[in-house]
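J.: This is the structure I have questions about; it appears just below.
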Amino acid sequence: MLSKQGIKFPRFFVQLRKNSSIPVPTSTIIKTGQIVSRLGFGGYRINRNDDSHKVALEKAIKSGINVIDTSTHFEFGESEEVIGKVLNNAIKDGTVTREGMVIISKAGYVNIADTTHLDDSFAKINDKSAHSISPEFLNKQISDSLSRLNLEKLDIFMLNNPERILQAKNKHLSISNLYDDIERALDYLDKEVMKGRIGGYGICSNSMAISIAADHISLPKIFEKLSNSSKKNFMSIQTPFNLFERDLIQRGVGQTCSLAEYAKSNDIFIFTNRPLHAMAGGSIRKLVNNLRDLPEHQIVNNLSNGLQRLDQLESEFSNELFPLGHPLSTKFIWSQIFSQNLSRLSQNHFATKYYLEKQAKPAIIRDLDCLCDYVKNMALDEEKSRLQSWMMNYQMETQSLMDSMVSYALINVLHSNDELDSIISYLAPSLYLETVQHHSPLSVKALRINLANQIIGCVLVGMRKPEYVQDSLSALELSDDDYLTIEALNDIYASPNFQ
């Protein structure tokens, strides 16, 4: 109950094992009566190549997490495959029952090497990505999901960010067209409910809570057109919610209720995602502060030494190895570019990583390819060996330097997040536990703040490593005894640091 004294969650018992009950704070999906843990396991980036992903999921299930969320396109289907194997093993050994788990998958994204052969039932976003919610596409996606998960039924199936269809490059689609497509998709999903392949459905959307977004889709417009039977099948929504992105619980201009309030009034269960990856100030901010995992002094030294070595290689190239005046002679100046932009790049880990991987690295590879052609076709025999050796060294040094720059940017983000952690502790002293060691204290606090919003049914967390699972479980356990006052919650949200 919400009160001036604080926020207190009831503790229920979810039967997850045959011989014992694990107590975790829970919510109930009103339309089905299913009891779910208030934190769920997010399957984004789960794949077969990392054994820690499997271990993390096993730990989460054994510890009382009974919601698993994935998508058909996560890791090109590998997420569902890993989840399917772990879940079925847990069912076989009696750790859980199938009825005690809630499995969610989604469809819409099409990741493919080439979109040119796709017909116009697909919205082609670019050369390698498309989107669709057509009945034919959804039918195949559900079949593929069930096969990979080795299940007969999905508890909830969601349309995944259908607003993305508005970005189509191969055809013009208005918001009215999109609503028509969504209506057809939900009509089809009613048939899937009748066939028993899905228990119910919903929509996952990044824009649904943001009324002023250009690609906003309105839940009332969608839901109120449904028949009464379809309204029963429309069970849930999923949208981002974190310290910075709070549109879900806020009333937009001219709105009489927030998205969360509307959903609750219609018994639509609310899942939230991205609790620790916020879109803030036009960039992605990861809400972690596990600095102790990084050898900070070594990273700074590697960065400084790497810039020096790259500068020496480039000086050698321009002064000794290559003829002046040739177009390639001015290409290899990356030590200067990186040095001049280091301050800016170090402030945003995700932007730095994107720039280096998607822009700088491809440009360097193109220039080295051109230089390789020059060596093969134009260089004198006595020059070839030295130039080939130089190219090999240059490629290794640029990659090493870019790795150091990404790590350096991460260090700065983590330092900034340490400050954020201190601010939260000042605004809400009950969230600070001096004697408890967490992998990422800020993450635990951020999750506890999300859980303090009772209107949210389940917070989906990317727990692909055991230490992430442990932090999530700590947040879940602490929230059960947490007396986070309404005033403290309002103080946090009102702070300029979270605007």
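Here's how to read the names in the structure tokens: chain A, B, ... by the order shown, residue numbers from 1 in each chain, ligand numbers from 1 in the order shown.
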Give me the residues near A:Glu245 as a list in words, where near means some atom within 8 Å (using only C-alpha atoms) and where sequence neighbours in that chain fewer than 2 positions away do not count.
T.: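 These residues fall inside the cut-off: Pro240, Phe241, Asn242, Leu243, Asp247, Leu248, Ala278, Met279 and Ala280 of chain A.
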J.: Mind the document's chain letters and residue numbers, and return as number ranges by chain the residues of stretch 271-476 of chain A that DSSP labels strand (DSSP E).
T.: A: 271-273, 277-280, 283-286, 458-462
J.: If you run DSSP over the backbone, which residues in stretch 198-255 of chain A end up alpha helix (DSSP H)? Put them as a count of residues only.
T.: 11
J.: Set the distance at 12 Å and use only C-alpha atoms: which residues neighbour A:Asp181 once local chain neighbours fewer than 2 positions away are removed? I'd like the list as a list in words.
T.: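 So the residues in contact are Gly108, Ser121, Phe122, Ala123, His131, Ser132, Ile133, Ser134, Pro135, Leu159, Pro162, Glu163, Ile165, Leu166, Leu173, Ser174, Ile175, Ser176, Asn177, Leu178, Tyr179, Glu183, Arg184, Ala185, Leu186, Asp187, Tyr188 and Ile222 of chain A.
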J.: Contacts of stretch 398-409 of chain A at 9 Å or less, counting only C-alpha atoms, minus same-chain residues fewer than 6 places along, as a PyMOL selection string?
T.: chain A and resi 294+296+299-300+302-307+310+334-335+338+342+345-350+352-353+356-357+361+364
J.: Using only C-alpha atoms, can you tell me which of A:Met158, A:Asp69, A:Val461, A:Lys140 comes closest to A:Arg274?
T.: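 Smallest distance to A:Arg274 is found for A:Val461.
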J.: Leaving out stretch 261-266 of chain A and any residue of its chain fewer than 2 positions from it, which residues lie within 10 Å of it when counting only C-alpha atoms, given as a list in words?
T.: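 Here the answer would be Ile30, Lys31, Leu219, Pro220, Phe223, Lys231, Lys232, Phe234, Met235, Ser236, Ile237, Leu248, Ile249, Gln250, Arg251, Thr256, Cys257, Ser258, Leu259, Ile268, Phe269, Ile270, Ile455, Ile456 and Gly457 of chain A.
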J.: Which of these, A:Ser79, A:Cys370, A:Ile65, A:Asp480, has the shortest distance to A:Gly43 once you count only C-alpha atoms?
T.: A:Ser79
J.: For A:Arg448, which of A:Ser479, A:Asn88, A:Ser425, A:Thr26 is the closest residue, counting only C-alpha atoms?
T.: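 Smallest separation from A:Arg448 among the options: A:Ser479.
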J.: Using only C-alpha atoms, which residue out of A:Thr97, A:Ser339, A:Asn289, A:Ser227 lies closest to A:Leu410?
T.: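 Smallest distance to A:Leu410 is found for A:Asn289.
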J.: Given only C-alpha atoms as the basis, pick out the residue of A:Ser329, A:Ser472, A:Ser52, A:Thr485 nearest to A:Asn453.
T.: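 Using only C-alpha atoms, the shortest distance to A:Asn453 belongs to A:Thr485.
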J.: I need the residue nearest A:Lys221 from this list: A:Glu320, A:Ile182, A:Ser343, A:Ala56. Use only C-alpha atoms for the distance.
T.: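 For A:Lys221, the nearest of the candidates is A:Ile182.
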J.: Got a sec: who's within 7 Å of stretch 312-318 of chain A, counting only C-alpha atoms, leaving out chain neighbours fewer than 6 positions off, as a VMD selection string?
T.: chain A and resid 329 332 to 333 394
J.: Extract, using only C-alpha atoms, all DNA, RNA and protein residues at most 7 Å from A:Asn66, discarding same-chain residues fewer than 6 positions from it, and format them as a PyMOL selection string.
T.: chain A and resi 36-37+40+100-102
J.: For the atom pair atom CA of A:Gln470 and atom CA of A:Gln238, what is the interatomic distance in Å to one decimal place?
T.: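 These two atoms are separated by 23.6 Å.
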